[in-house]
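Here's target-v3.cif, which has mmCIF, C-alpha atoms:
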data_model
#
loop_
_atom_site.label_atom_id
_atom_site.label_comp_id
_atom_site.auth_asym_id
_atom_site.auth_seq_id
_atom_site.Cartn_x
_atom_site.Cartn_y
_atom_site.Cartn_z
CA MET S 264 4.97 21.47 -5.56
CA ALA S 265 5.32 22.17 -1.82
CA LEU S 266 8.79 23.63 -2.31
CA LYS S 267 7.59 25.98 -5.04
CA ARG S 268 4.66 27.11 -2.94
CA ASP S 269 6.85 27.74 0.13
CA LEU S 270 9.32 29.73 -1.96
CA ALA S 271 6.58 31.90 -3.46
CA ILE S 272 5.00 32.50 -0.05
CA GLY S 273 8.38 33.55 1.35
CA ILE S 274 8.97 36.06 -1.43
CA VAL S 275 5.47 37.50 -1.15
CA MET S 276 5.85 37.86 2.62
CA GLY S 277 9.12 39.68 2.03
CA LEU S 278 7.38 42.11 -0.29
CA ILE S 279 4.65 42.73 2.26
CA VAL S 280 7.17 43.42 4.99
CA GLY S 281 9.05 45.73 2.64
CA MET S 282 5.94 47.70 1.77
CA ALA S 283 4.95 47.88 5.43
CA SER S 284 8.34 49.44 6.12
CA GLY S 285 7.69 52.16 3.57
CA TYR S 286 9.87 50.63 0.84
CA ALA S 287 8.81 51.78 -2.63
CA ILE S 288 8.85 48.96 -5.20
CA THR S 289 9.36 50.01 -8.78
CA ALA S 290 7.99 48.20 -11.82
CA GLN S 291 11.56 47.25 -12.77
CA GLU S 292 12.12 45.65 -9.37
CA ILE S 293 8.83 43.76 -9.60
CA ASN S 294 9.86 42.40 -13.01
CA SER S 295 13.22 41.43 -11.57
CA LEU S 296 11.56 39.56 -8.70
CA ARG S 297 9.24 37.83 -11.14
CA SER S 298 12.24 36.64 -13.14
CA GLN S 299 13.91 35.38 -9.97
CA ILE S 300 10.80 33.44 -8.98
CA LEU S 301 10.56 31.83 -12.41
CA GLY S 302 14.25 31.01 -12.28
CA CYS S 303 13.86 29.36 -8.88
CA GLN S 304 10.87 27.35 -10.10
CA LEU S 305 12.88 26.08 -13.06
CA ARG S 306 15.75 25.06 -10.78
CA ILE S 307 13.34 23.22 -8.47
CA GLU S 308 11.82 21.40 -11.45
CA GLU S 309 15.32 20.42 -12.56
CA LEU S 310 16.09 19.11 -9.08
CA GLU S 311 12.87 17.10 -9.04
CA GLU S 312 13.82 15.55 -12.36
CA ILE S 313 17.16 14.31 -11.02
CA MET S 314 15.78 13.14 -7.66
CA PRO S 315 16.20 9.36 -7.45
CA PRO S 316 12.80 7.62 -7.58
CA LEU S 317 11.55 5.89 -4.46
CA ARG S 318 12.23 2.44 -5.89
CA SER S 319 15.94 3.19 -6.44
CA LEU S 320 16.37 4.32 -2.85
CA ALA S 321 14.32 1.41 -1.54
CA GLU S 322 16.23 -1.17 -3.58
CA ALA S 323 19.54 0.20 -2.33
CA ARG S 324 18.20 -0.22 1.22
CA GLY S 325 16.81 -3.71 0.56
CA ILE S 326 13.08 -3.06 0.89
CA LEU S 327 10.12 -3.24 -1.48
CA ILE S 328 7.98 -0.13 -1.94
CA GLY S 329 4.81 -0.17 -3.99
CA ALA S 330 1.17 0.54 -4.61
CA ALA S 331 -2.15 -1.03 -5.53
CA VAL S 332 -2.90 -0.83 -9.23
CA GLY S 333 -6.18 -0.35 -11.06
CA TYR S 334 -6.45 -1.82 -14.53
CA GLY S 335 -8.52 1.09 -15.89
CA PRO S 336 -6.02 3.92 -15.36
CA LEU S 337 -3.12 1.60 -16.16
CA LYS S 338 -4.66 1.07 -19.58
CA THR S 339 -5.88 4.61 -20.32
CA GLU S 340 -3.54 7.05 -18.53
CA PRO S 341 0.08 7.07 -19.74
CA LEU S 342 1.16 9.23 -16.77
CA TYR S 343 -0.31 6.69 -14.34
CA ALA S 344 1.68 3.85 -15.89
CA GLU S 345 4.83 5.97 -16.22
CA THR S 346 4.73 7.07 -12.57
CA LEU S 347 4.00 3.56 -11.34
CA GLY S 348 6.90 1.99 -13.22
CA ARG S 349 9.32 4.75 -12.26
CA GLU S 350 8.60 4.96 -8.54
CA PHE S 351 7.81 1.45 -7.32
CA ASN S 352 9.32 -2.03 -7.35
CA ILE S 353 6.26 -3.97 -6.22
CA LEU S 354 2.57 -3.69 -7.04
CA VAL S 355 -0.60 -5.27 -5.73
CA THR S 356 -3.60 -6.08 -7.87
CA GLU S 357 -6.30 -3.77 -6.50
CA ASN S 358 -9.40 -5.61 -7.78
CA ALA S 359 -8.36 -7.77 -10.72
CA LEU S 360 -7.62 -10.92 -8.66
CA LYS S 361 -10.64 -10.73 -6.39
CA PHE S 362 -13.17 -13.55 -6.74
CA GLU S 363 -16.04 -11.62 -8.36
CA PRO S 364 -14.23 -10.04 -11.35
CA LEU S 365 -11.96 -13.04 -11.80
CA HIS S 366 -14.51 -15.89 -11.52
CA PRO S 367 -17.87 -14.44 -12.62
CA SER S 368 -19.59 -17.80 -13.21
CA ARG S 369 -18.92 -21.25 -11.86
CA ASP S 370 -17.17 -22.56 -14.94
CA ARG S 371 -15.72 -19.33 -16.33
CA TYR S 372 -12.70 -17.20 -15.39
CA ASN S 373 -11.73 -13.78 -16.69
CA PHE S 374 -7.98 -13.29 -16.39
CA GLU S 375 -7.67 -10.40 -18.86
CA ASP S 376 -7.19 -7.55 -16.37
CA ALA S 377 -4.98 -9.56 -14.03
CA ASP S 378 -2.82 -10.78 -16.92
CA ALA S 379 -2.28 -7.18 -18.07
CA ILE S 380 -1.24 -6.00 -14.61
CA VAL S 381 1.14 -8.92 -14.06
CA SER S 382 2.67 -8.40 -17.53
CA PHE S 383 3.17 -4.70 -16.75
CA ALA S 384 4.96 -5.64 -13.53
CA GLU S 385 7.24 -8.07 -15.34
CA SER S 386 8.12 -5.57 -18.06
CA ASN S 387 9.02 -3.01 -15.37
CA ASP S 388 10.97 -5.41 -13.13
CA MET S 389 8.38 -5.23 -10.35
CA LYS S 390 7.25 -7.96 -7.98
CA VAL S 391 3.55 -8.75 -7.63
CA ARG S 392 1.40 -9.23 -4.52
CA GLY S 393 -1.71 -11.23 -5.43
CA HIS S 394 -4.81 -9.93 -3.65
CA THR S 395 -6.79 -11.95 -2.61
CA LEU S 396 -7.67 -15.64 -2.79
CA VAL S 397 -10.26 -15.81 0.03
CA TRP S 398 -12.43 -12.89 1.14
CA HIS S 399 -16.05 -12.42 2.17
CA HIS S 400 -16.61 -9.36 -0.07
CA GLN S 401 -16.73 -9.02 -3.86
CA LEU S 402 -18.08 -12.48 -4.45
CA PRO S 403 -20.19 -13.31 -7.55
CA SER S 404 -23.90 -14.00 -7.15
CA TRP S 405 -23.47 -17.66 -8.02
CA VAL S 406 -21.48 -17.98 -4.79
CA THR S 407 -23.52 -15.69 -2.52
CA THR S 408 -26.87 -17.19 -3.53
CA GLY S 409 -25.69 -20.77 -3.88
CA ASN S 410 -27.13 -23.60 -1.80
CA PHE S 411 -24.22 -26.00 -1.49
CA THR S 412 -23.20 -28.85 0.77
CA ARG S 413 -20.01 -28.57 2.81
CA GLU S 414 -18.21 -30.81 0.33
CA GLU S 415 -19.34 -28.58 -2.53
CA TRP S 416 -18.16 -25.43 -0.70
CA ILE S 417 -14.76 -27.06 -0.21
CA GLY S 418 -14.65 -28.00 -3.89
CA ILE S 419 -15.57 -24.49 -5.03
CA LEU S 420 -12.87 -22.82 -2.94
CA ARG S 421 -10.25 -25.44 -3.77
CA LYS S 422 -10.91 -25.22 -7.51
CA HIS S 423 -10.72 -21.41 -7.42
CA ILE S 424 -7.45 -21.26 -5.50
CA ILE S 425 -5.79 -23.94 -7.59
CA ALA S 426 -6.83 -22.34 -10.90
CA VAL S 427 -5.62 -18.87 -9.90
CA VAL S 428 -2.35 -19.80 -8.20
CA LYS S 429 -1.47 -22.29 -10.92
CA ARG S 430 -1.93 -19.68 -13.64
CA TYR S 431 0.48 -17.26 -11.95
CA ARG S 432 2.92 -19.81 -10.55
CA GLY S 433 6.38 -18.24 -10.43
CA ARG S 434 4.98 -14.84 -11.42
CA VAL S 435 3.29 -13.73 -8.19
CA TYR S 436 5.79 -13.12 -5.41
CA ALA S 437 3.30 -13.16 -2.53
CA TRP S 438 -0.38 -13.97 -2.04
CA ASP S 439 -2.86 -12.54 0.42
CA VAL S 440 -4.32 -16.00 0.85
CA VAL S 441 -6.98 -15.11 3.41
CA ASN S 442 -8.20 -11.55 3.87
CA GLU S 443 -10.05 -10.10 6.88
CA ALA S 444 -11.14 -13.36 8.51
CA ILE S 445 -11.14 -11.79 11.99
CA ALA S 446 -13.87 -9.46 13.28
CA ASP S 447 -13.11 -6.28 15.17
CA ASP S 448 -13.80 -8.00 18.52
CA GLY S 449 -11.17 -10.65 17.81
CA SER S 450 -13.55 -13.50 16.94
CA LEU S 451 -13.61 -15.29 13.61
CA ARG S 452 -15.68 -13.21 11.23
CA ASP S 453 -19.03 -14.69 10.25
CA THR S 454 -18.49 -15.25 6.53
CA ILE S 455 -19.89 -17.47 3.83
CA TRP S 456 -16.73 -19.58 4.00
CA LEU S 457 -16.93 -20.03 7.77
CA ARG S 458 -20.59 -21.03 7.55
CA GLY S 459 -20.10 -23.30 4.55
CA ILE S 460 -16.88 -25.05 5.54
CA GLY S 461 -16.00 -24.19 9.14
CA PRO S 462 -12.86 -22.62 10.67
CA GLU S 463 -10.62 -25.03 8.82
CA TYR S 464 -11.23 -23.16 5.56
CA ILE S 465 -8.25 -20.98 6.51
CA ASP S 466 -5.89 -23.93 6.91
CA LEU S 467 -7.16 -25.50 3.71
CA ALA S 468 -6.70 -22.31 1.68
CA PHE S 469 -3.06 -21.92 2.71
CA GLY S 470 -2.40 -25.59 2.00
CA TRP S 471 -3.89 -25.48 -1.50
CA ALA S 472 -2.00 -22.29 -2.40
CA HIS S 473 1.29 -23.78 -1.22
CA GLU S 474 0.74 -26.98 -3.17
CA GLU S 475 0.27 -25.04 -6.41
CA ASP S 476 3.23 -22.67 -5.90
CA PRO S 477 5.68 -23.74 -3.16
CA GLN S 478 7.89 -20.69 -3.87
CA ALA S 479 5.22 -18.04 -3.30
CA ARG S 480 5.11 -16.18 0.02
CA LEU S 481 1.74 -16.72 1.69
CA PHE S 482 0.15 -14.05 3.91
CA TYR S 483 -2.79 -13.50 6.17
CA ASN S 484 -3.97 -9.90 5.58
CA ASP S 485 -6.21 -7.67 7.71
CA TYR S 486 -7.05 -4.12 8.77
CA GLY S 487 -7.06 -2.65 12.27
CA GLY S 488 -4.37 -4.96 13.59
CA GLU S 489 -1.36 -2.68 13.22
CA GLY S 490 -0.82 -1.70 16.86
CA LEU S 491 -1.43 -3.58 20.10
CA THR S 492 -5.16 -4.18 20.20
CA GLN S 493 -7.68 -6.94 20.81
CA LYS S 494 -7.77 -7.55 17.07
CA SER S 495 -3.99 -7.64 16.63
CA ASP S 496 -3.83 -10.16 19.50
CA ALA S 497 -6.34 -12.31 17.61
CA ILE S 498 -4.33 -12.04 14.38
CA TYR S 499 -1.19 -13.01 16.27
CA ASN S 500 -2.93 -16.02 17.82
CA LEU S 501 -4.37 -17.08 14.46
CA ALA S 502 -0.92 -16.98 12.83
CA LYS S 503 0.63 -18.79 15.81
CA GLY S 504 -2.01 -21.51 15.60
CA LEU S 505 -1.46 -21.97 11.88
CA LEU S 506 2.27 -22.42 12.43
CA GLU S 507 1.71 -24.88 15.27
CA ARG S 508 -0.52 -26.97 13.00
CA GLY S 509 2.12 -26.97 10.26
CA VAL S 510 0.12 -24.74 7.90
CA PRO S 511 2.40 -23.02 5.34
CA ILE S 512 2.08 -19.34 6.27
CA HIS S 513 5.01 -16.98 5.74
CA GLY S 514 3.75 -13.60 6.86
CA VAL S 515 1.11 -11.17 8.05
CA GLY S 516 -0.09 -8.15 6.08
CA LEU S 517 -0.94 -5.00 8.01
CA GLN S 518 -3.29 -2.99 5.81
CA MET S 519 -2.78 0.40 7.53
CA HIS S 520 -5.89 2.25 6.32
CA ILE S 521 -5.72 5.09 8.81
CA SER S 522 -6.62 8.75 9.34
CA LEU S 523 -4.87 11.64 11.03
CA GLU S 524 -7.31 11.24 13.93
CA SER S 525 -6.77 7.50 14.36
CA SER S 526 -3.21 6.60 13.40
CA PRO S 527 -1.58 3.88 15.54
CA LYS S 528 1.31 4.64 17.84
CA PRO S 529 4.63 3.83 16.12
CA GLN S 530 6.01 2.07 19.21
CA GLU S 531 2.98 -0.24 19.32
CA VAL S 532 3.30 -1.07 15.62
CA ALA S 533 6.98 -1.83 16.21
CA ALA S 534 6.12 -4.11 19.14
CA ASN S 535 3.51 -5.93 17.07
CA ILE S 536 5.94 -6.47 14.19
CA HIS S 537 8.54 -7.70 16.67
CA ARG S 538 6.30 -10.36 18.19
CA LEU S 539 5.44 -11.60 14.69
CA ALA S 540 9.18 -11.79 13.99
CA GLU S 541 9.55 -14.02 17.05
CA LEU S 542 7.16 -16.43 15.34
CA GLY S 543 9.44 -16.37 12.29
CA LEU S 544 6.93 -14.43 10.18
CA GLU S 545 7.49 -11.63 7.69
CA VAL S 546 5.40 -8.48 7.79
CA HIS S 547 4.26 -6.37 4.86
CA ILE S 548 2.47 -3.07 5.20
CA THR S 549 0.01 -3.82 2.44
CA GLU S 550 -2.61 -1.10 1.87
CA MET S 551 -1.47 2.11 3.52
CA ASP S 552 -3.31 5.38 3.06
CA VAL S 553 -3.75 8.30 5.46
CA ARG S 554 -7.05 10.05 4.86
CA ILE S 555 -7.49 13.73 5.65
CA LYS S 556 -10.74 15.37 6.66
CA HIS S 557 -11.75 18.28 4.44
CA PRO S 558 -10.69 21.01 4.12
CA VAL S 559 -7.12 19.95 3.34
CA THR S 560 -4.57 22.39 4.78
CA GLU S 561 -0.80 22.65 4.76
CA ASP S 562 -0.74 21.66 8.43
CA LYS S 563 -2.77 18.53 7.70
CA LEU S 564 -0.52 17.60 4.78
CA SER S 565 2.52 18.02 7.03
CA ALA S 566 0.90 15.82 9.68
CA GLN S 567 0.10 13.23 7.01
CA ALA S 568 3.72 13.27 5.87
CA ARG S 569 4.84 12.66 9.44
CA VAL S 570 2.54 9.61 9.77
CA TYR S 571 3.83 8.12 6.51
CA ARG S 572 7.43 8.67 7.62
CA GLU S 573 6.87 7.21 11.09
CA MET S 574 5.26 4.03 9.76
CA PHE S 575 7.93 3.67 7.10
CA GLU S 576 10.64 4.12 9.73
CA VAL S 577 9.06 1.40 11.87
CA CYS S 578 8.99 -0.97 8.91
CA LEU S 579 12.52 -0.23 7.77
CA SER S 580 13.83 -0.68 11.31
CA ALA S 581 12.42 -4.23 11.55
CA GLU S 582 14.36 -6.97 9.78
CA ASN S 583 11.18 -8.95 9.12
CA CYS S 584 9.27 -6.02 7.52
CA LYS S 585 9.99 -6.58 3.84
CA ALA S 586 7.50 -4.38 1.96
CA PHE S 587 5.76 -1.02 2.28
CA VAL S 588 2.77 -0.88 -0.06
CA MET S 589 0.11 1.83 -0.38
CA TRP S 590 -3.46 1.39 -1.59
CA GLY S 591 -2.85 3.43 -4.71
CA PHE S 592 -0.44 6.30 -5.12
CA THR S 593 -2.38 9.23 -6.59
CA ASP S 594 -5.42 10.98 -5.12
CA ARG S 595 -6.84 10.92 -8.64
CA HIS S 596 -7.60 7.22 -8.15
CA SER S 597 -8.37 6.62 -4.47
CA TRP S 598 -11.18 4.71 -2.81
CA ILE S 599 -11.30 7.08 0.17
CA PRO S 600 -13.75 9.80 -1.05
CA SER S 601 -16.32 7.15 -2.02
CA PHE S 602 -16.18 5.30 1.30
CA PHE S 603 -15.39 8.03 3.84
CA GLU S 604 -17.61 11.06 3.39
CA GLY S 605 -15.75 14.31 3.90
CA TYR S 606 -12.31 12.71 3.61
CA GLY S 607 -9.71 12.49 0.84
CA SER S 608 -6.14 13.38 -0.18
CA ALA S 609 -4.88 10.10 1.31
CA LEU S 610 -1.92 9.29 -0.94
CA ILE S 611 1.56 10.61 -1.75
CA PHE S 612 0.76 12.12 -5.19
CA ASP S 613 -2.09 14.59 -5.63
CA ASP S 614 -4.79 14.24 -8.29
CA SER S 615 -2.50 15.93 -10.84
CA TYR S 616 0.39 13.55 -10.06
CA ALA S 617 2.32 16.30 -8.27
CA LEU S 618 4.52 15.27 -5.35
CA LYS S 619 2.99 15.86 -1.91
CA PRO S 620 4.82 16.41 1.39
CA ALA S 621 4.31 12.72 2.18
CA TYR S 622 6.34 11.78 -0.89
CA TYR S 623 9.18 14.07 0.13
CA ALA S 624 9.05 12.66 3.67
CA LEU S 625 9.52 9.10 2.40
CA SER S 626 12.22 10.11 -0.08
CA ARG S 627 14.16 12.18 2.46
CA PHE S 628 13.96 9.49 5.12
CA LEU S 629 15.12 6.80 2.70
CA LEU S 630 18.03 8.91 1.52
CA ASN S 631 19.18 9.81 5.04
CA ASP S 632 18.77 6.23 6.23
CA LEU S 633 20.71 4.91 3.25
CA ILE S 634 23.58 7.30 3.94
CA GLU S 635 23.73 6.17 7.57
CA TYR S 636 23.40 2.52 6.54
CA ARG S 637 26.34 2.83 4.14
CA ARG S 638 28.38 4.63 6.80
CA LEU S 639 27.83 1.81 9.30
CA GLU S 640 28.67 -0.78 6.63
CA ASN S 641 32.01 0.91 5.92
CA ASN S 642 33.04 1.20 9.57
#
Rewrite the structure from the file as structure tokens, please.
Amino acid sequence: MALKRDLAIGIVMGLIVGMASGYAITAQEINSLRSQILGCQLRIEELEEIMPPLRSLAEARGILIGAAVGYGPLKTEPLYAETLGREFNILVTENALKFEPLHPSRDRYNFEDADAIVSFAESNDMKVRGHTLVWHHQLPSWVTTGNFTREEWIGILRKHIIAVVKRYRGRVYAWDVVNEAIADDGSLRDTIWLRGIGPEYIDLAFGWAHEEDPQARLFYNDYGGEGLTQKSDAIYNLAKGLLERGVPIHGVGLQMHISLESSPKPQEVAANIHRLAELGLEVHITEMDVRIKHPVTEDKLSAQARVYREMFEVCLSAENCKAFVMWGFTDRHSWIPSFFEGYGSALIFDDSYALKPAYYALSRFLLNDLIEYRRLENN
């Protein structure tokens, strides 16, 4: 889409310059130019059709690239499912594995949506990130209004984790075991689980998940801890403490919900990933989107593309960064407009599934990096 627009703008500007110079344009010449434009558009469409999808380039480079998936559009929009399966080799369950939709009453589970998403991933040779086993949001009323003893709270959380992880044993590649347990000031967030059980709920959750599926990769996941900040220090110290206590944690998820005005510095993200590597931990970028304040302009889309490329380059350059996942992939289905007034256009496909500059930035960087990687391998 961007290439077609740039081409058309260039031709129109040429016509304007020609007219300003006193050049007379005949109807025949205008028709000829129109034919040339249409011909160029067809060639660009042909090139787009033969462009390797992101997943092919990523697999050749040894990294996972993916997106969060909503059950609704997966079920009702063929183009959504087609694009998802073509472009990505890992997906994350956007809402289907959260406590509230999955466990609506104490003795009842609803696995229908999650089963459909996991089955789609398997039929398209995609890995699955399970999101999330423990979180303080999207809890059913029977949990939020319950008056339980500490032992009962432990039993509720244990039963939930065991039931969910057991059902998807061997089918979910990685779990966000605990999500957003740290407040912005670096303290433990005041949640229903902290109040009901105490700080050890984090250790217990990882232990129960590992017992049910020893092969699954287990992650702590959070927002705002991508660079070098008070919160990222707290996340680092939490992960370090878990390891020192022998808790089975394998990685840290950096959500990366950012805007053009507040994107982290690439060198700080790289330093943060490096210190997690020194602990022996993997890193996944788990929920990336780059929101743009309205109105959306070409300059803002170019800046967004640069941010996506910079963060992807940081990840690909780190041996312990194994996955680059976005919170959705098309602006047609994005949480941003509903939660950030005046913002949108945060993903790499627009609301008509057309490729945006951010897509081309990722594709071009992957291709160039793969060429260099192969050259180094052969030397």
Evaluate the PyMOL selection byres ((chain S and resi 405) around 12) here and jot the selected residues down as a PyMOL selection string. chain S and resi 362-363+366-371+401-404+406-411+416+419
Restrict the calculation to all atoms listed in the file, then for each residue of region 440-514 of chain S with any atom at most 10 Å from an atom of region 381-396 of chain S give the closest atom pair and their distance in Å to one decimal, rows by chain and rising residue number, as a Markdown table.
| residue | atom | partner | partner_atom | distance |
| --- | --- | --- | --- | --- |
| S:Val440 | CA | S:Leu396 | CA | 5.0 |
| S:Val441 | CA | S:Leu396 | CA | 6.3 |
| S:Asn442 | CA | S:Thr395 | CA | 6.6 |
| S:Ala468 | CA | S:Leu396 | CA | 8.1 |
| S:Phe469 | CA | S:Leu396 | CA | 9.5 |
| S:Ala472 | CA | S:Leu396 | CA | 8.7 |
| S:Ala479 | CA | S:Arg392 | CA | 9.7 |
| S:Arg480 | CA | S:Arg392 | CA | 9.1 |
| S:Leu481 | CA | S:Gly393 | CA | 9.6 |
| S:Phe482 | CA | S:Thr395 | CA | 9.8 |
| S:Tyr483 | CA | S:Thr395 | CA | 9.8 |
| S:Asn484 | CA | S:Thr395 | CA | 8.9 |
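Across the structure, CA of Arg569 (chain S) and CA of Val553 (chain S) are spaced 10.4 Å apart.
Note that the spacing between CA of Glu350 (chain S) and CA of Met551 (chain S) amounts to 16.0 Å.
Of the listed residues S:Cys578, S:Ala609, S:Ile417, S:Ala533, the one whose atoms come nearest to Val559 (chain S) is S:Ala609, with distances taken using all atoms listed in the file.
Going from CA of Leu618 (chain S) over to CA of Ala331 (chain S), you cover 17.6 Å.
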Long-range neighbours of Ile455 (chain S) as a ChimeraX atom specification, 8 Å cut-off, all atoms listed in the file, 2 positions minimum in chain: /S:399,407,453,457-459
Could those residues be written to a file, using C-alpha atoms, as a JSON list (two decimals), in the coordinates of the input?
[["chain", "number", "residue", "atom", "x", "y", "z"],
["S", 399, "HIS", "CA", -16.05, -12.42, 2.17],
["S", 407, "THR", "CA", -23.52, -15.69, -2.52],
["S", 453, "ASP", "CA", -19.03, -14.69, 10.25],
["S", 457, "LEU", "CA", -16.93, -20.03, 7.77],
["S", 458, "ARG", "CA", -20.59, -21.03, 7.55],
["S", 459, "GLY", "CA", -20.10, -23.30, 4.55]]
Nearest to Tyr623 (chain S), chosen from S:Glu582, S:His513, S:Pro315, S:Pro336, with only C-alpha atoms counted in the distances: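 Of all the options, S:Pro315 lies closest to Tyr623 (chain S).
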Show me, as number ranges by chain, the residues that have an atom within 12 Å of Pro600 (chain S) when counting all atoms listed in the file, minus same-chain residues fewer than 6 positions from it. S: 554-557, 594, 606-610
Between S:Pro527, S:Gly487, S:Gly543, S:Gly591, which residue has the minimum interatomic distance to Val570 (chain S), considering all atoms listed in the file?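 The answer is S:Pro527, which sits nearest to Val570 (chain S).
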Residue neighbourhood Arg324 (chain S), 8 Å, only C-alpha atoms, exclusion window fewer than 2 positions, as a ChimeraX atom specification: /S:320-322,326,629,633,636
Grab the residues selected above and save them as a PDB file, in the coordinates of the input with C-alpha atoms.
ATOM      1  CA  LEU S 320      16.370   4.320  -2.850  1.00  0.00           C
ATOM      2  CA  ALA S 321      14.320   1.410  -1.540  1.00  0.00           C
ATOM      3  CA  GLU S 322      16.230  -1.170  -3.580  1.00  0.00           C
ATOM      4  CA  ILE S 326      13.080  -3.060   0.890  1.00  0.00           C
ATOM      5  CA  LEU S 629      15.120   6.800   2.700  1.00  0.00           C
ATOM      6  CA  LEU S 633      20.710   4.910   3.250  1.00  0.00           C
ATOM      7  CA  TYR S 636      23.400   2.520   6.540  1.00  0.00           C
TER       8      TYR S 636
END
Box for region 549-560 of chain S - axis-aligned, 8 Å on each of the six sides, all listed atoms - centre and size in Å to one decimal, as lines of an AutoDock Vina configuration file.
center_x = -5.9
center_y = 9.3
center_z = 4.3
size_x = 27.8
size_y = 42.2
size_z = 20.8
Mind telling me what the PyMOL selection byres ((chain S and resi 541) around 12) catches here, as a ChimeraX atom specification? /S:499,502-503,514,534-540,542-546,581-583
Could you save those same residues with C-alpha atoms as a compact mmCIF listing (two decimals), in the frame of the given file?
# COMPACT_ATOMS: atom_id res chain seq x y z
CA TYR S 499 -1.19 -13.01 16.27
CA ALA S 502 -0.92 -16.98 12.83
CA LYS S 503 0.63 -18.79 15.81
CA GLY S 514 3.75 -13.60 6.86
CA ALA S 534 6.12 -4.11 19.14
CA ASN S 535 3.51 -5.93 17.07
CA ILE S 536 5.94 -6.47 14.19
CA HIS S 537 8.54 -7.70 16.67
CA ARG S 538 6.30 -10.36 18.19
CA LEU S 539 5.44 -11.60 14.69
CA ALA S 540 9.18 -11.79 13.99
CA LEU S 542 7.16 -16.43 15.34
CA GLY S 543 9.44 -16.37 12.29
CA LEU S 544 6.93 -14.43 10.18
CA GLU S 545 7.49 -11.63 7.69
CA VAL S 546 5.40 -8.48 7.79
CA ALA S 581 12.42 -4.23 11.55
CA GLU S 582 14.36 -6.97 9.78
CA ASN S 583 11.18 -8.95 9.12
For the file shown, report as a list of chain:residue names the outcome of the PyMOL selection byres ((chain S and resi 428) around 9) at residue level.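 Output from the PyMOL selection byres ((chain S and resi 428) around 9), applied to this file: S:Leu396, S:His423, S:Ile424, S:Ile425, S:Ala426, S:Val427, S:Lys429, S:Arg430, S:Tyr431, S:Arg432, S:Val435, S:Trp438, S:Trp471, S:Ala472, S:His473, S:Glu475, S:Asp476.
Using all atoms listed in the file, the shortest contact distance between Ala330 (chain S) and any of S:Glu463, S:Asp632, S:Glu357, S:Glu531 is found at S:Glu357.
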Select, from S:Ser580, S:Ser601, S:Ser450, S:Ser565, the residue with the minimum atom-to-atom distance to Lys619 (chain S), counting all atoms listed in the file.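 Closest candidate: S:Ser565.
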Which residues come within 12 Å of Val332 (chain S), counting all atoms listed in the file, excluding same-chain residues fewer than 5 positions away, as a ChimeraX atom specification? /S:337-338,343-344,346-348,351,353-360,376-377,379-381,383-384,391-394,550,588-593,596-598
Using only C-alpha atoms, please write the residues we just selected to a file, as a PDB file, in the coordinates of the input.
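Heads up, here's the output in selection-v2.pdb:
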ATOM      1  CA  LEU S 337      -3.120   1.600 -16.160  1.00  0.00           C
ATOM      2  CA  LYS S 338      -4.660   1.070 -19.580  1.00  0.00           C
ATOM      3  CA  TYR S 343      -0.310   6.690 -14.340  1.00  0.00           C
ATOM      4  CA  ALA S 344       1.680   3.850 -15.890  1.00  0.00           C
ATOM      5  CA  THR S 346       4.730   7.070 -12.570  1.00  0.00           C
ATOM      6  CA  LEU S 347       4.000   3.560 -11.340  1.00  0.00           C
ATOM      7  CA  GLY S 348       6.900   1.990 -13.220  1.00  0.00           C
ATOM      8  CA  PHE S 351       7.810   1.450  -7.320  1.00  0.00           C
ATOM      9  CA  ILE S 353       6.260  -3.970  -6.220  1.00  0.00           C
ATOM     10  CA  LEU S 354       2.570  -3.690  -7.040  1.00  0.00           C
ATOM     11  CA  VAL S 355      -0.600  -5.270  -5.730  1.00  0.00           C
ATOM     12  CA  THR S 356      -3.600  -6.080  -7.870  1.00  0.00           C
ATOM     13  CA  GLU S 357      -6.300  -3.770  -6.500  1.00  0.00           C
ATOM     14  CA  ASN S 358      -9.400  -5.610  -7.780  1.00  0.00           C
ATOM     15  CA  ALA S 359      -8.360  -7.770 -10.720  1.00  0.00           C
ATOM     16  CA  LEU S 360      -7.620 -10.920  -8.660  1.00  0.00           C
ATOM     17  CA  ASP S 376      -7.190  -7.550 -16.370  1.00  0.00           C
ATOM     18  CA  ALA S 377      -4.980  -9.560 -14.030  1.00  0.00           C
ATOM     19  CA  ALA S 379      -2.280  -7.180 -18.070  1.00  0.00           C
ATOM     20  CA  ILE S 380      -1.240  -6.000 -14.610  1.00  0.00           C
ATOM     21  CA  VAL S 381       1.140  -8.920 -14.060  1.00  0.00           C
ATOM     22  CA  PHE S 383       3.170  -4.700 -16.750  1.00  0.00           C
ATOM     23  CA  ALA S 384       4.960  -5.640 -13.530  1.00  0.00           C
ATOM     24  CA  VAL S 391       3.550  -8.750  -7.630  1.00  0.00           C
ATOM     25  CA  ARG S 392       1.400  -9.230  -4.520  1.00  0.00           C
ATOM     26  CA  GLY S 393      -1.710 -11.230  -5.430  1.00  0.00           C
ATOM     27  CA  HIS S 394      -4.810  -9.930  -3.650  1.00  0.00           C
ATOM     28  CA  GLU S 550      -2.610  -1.100   1.870  1.00  0.00           C
ATOM     29  CA  VAL S 588       2.770  -0.880  -0.060  1.00  0.00           C
ATOM     30  CA  MET S 589       0.110   1.830  -0.380  1.00  0.00           C
ATOM     31  CA  TRP S 590      -3.460   1.390  -1.590  1.00  0.00           C
ATOM     32  CA  GLY S 591      -2.850   3.430  -4.710  1.00  0.00           C
ATOM     33  CA  PHE S 592      -0.440   6.300  -5.120  1.00  0.00           C
ATOM     34  CA  THR S 593      -2.380   9.230  -6.590  1.00  0.00           C
ATOM     35  CA  HIS S 596      -7.600   7.220  -8.150  1.00  0.00           C
ATOM     36  CA  SER S 597      -8.370   6.620  -4.470  1.00  0.00           C
ATOM     37  CA  TRP S 598     -11.180   4.710  -2.810  1.00  0.00           C
TER      38      TRP S 598
END
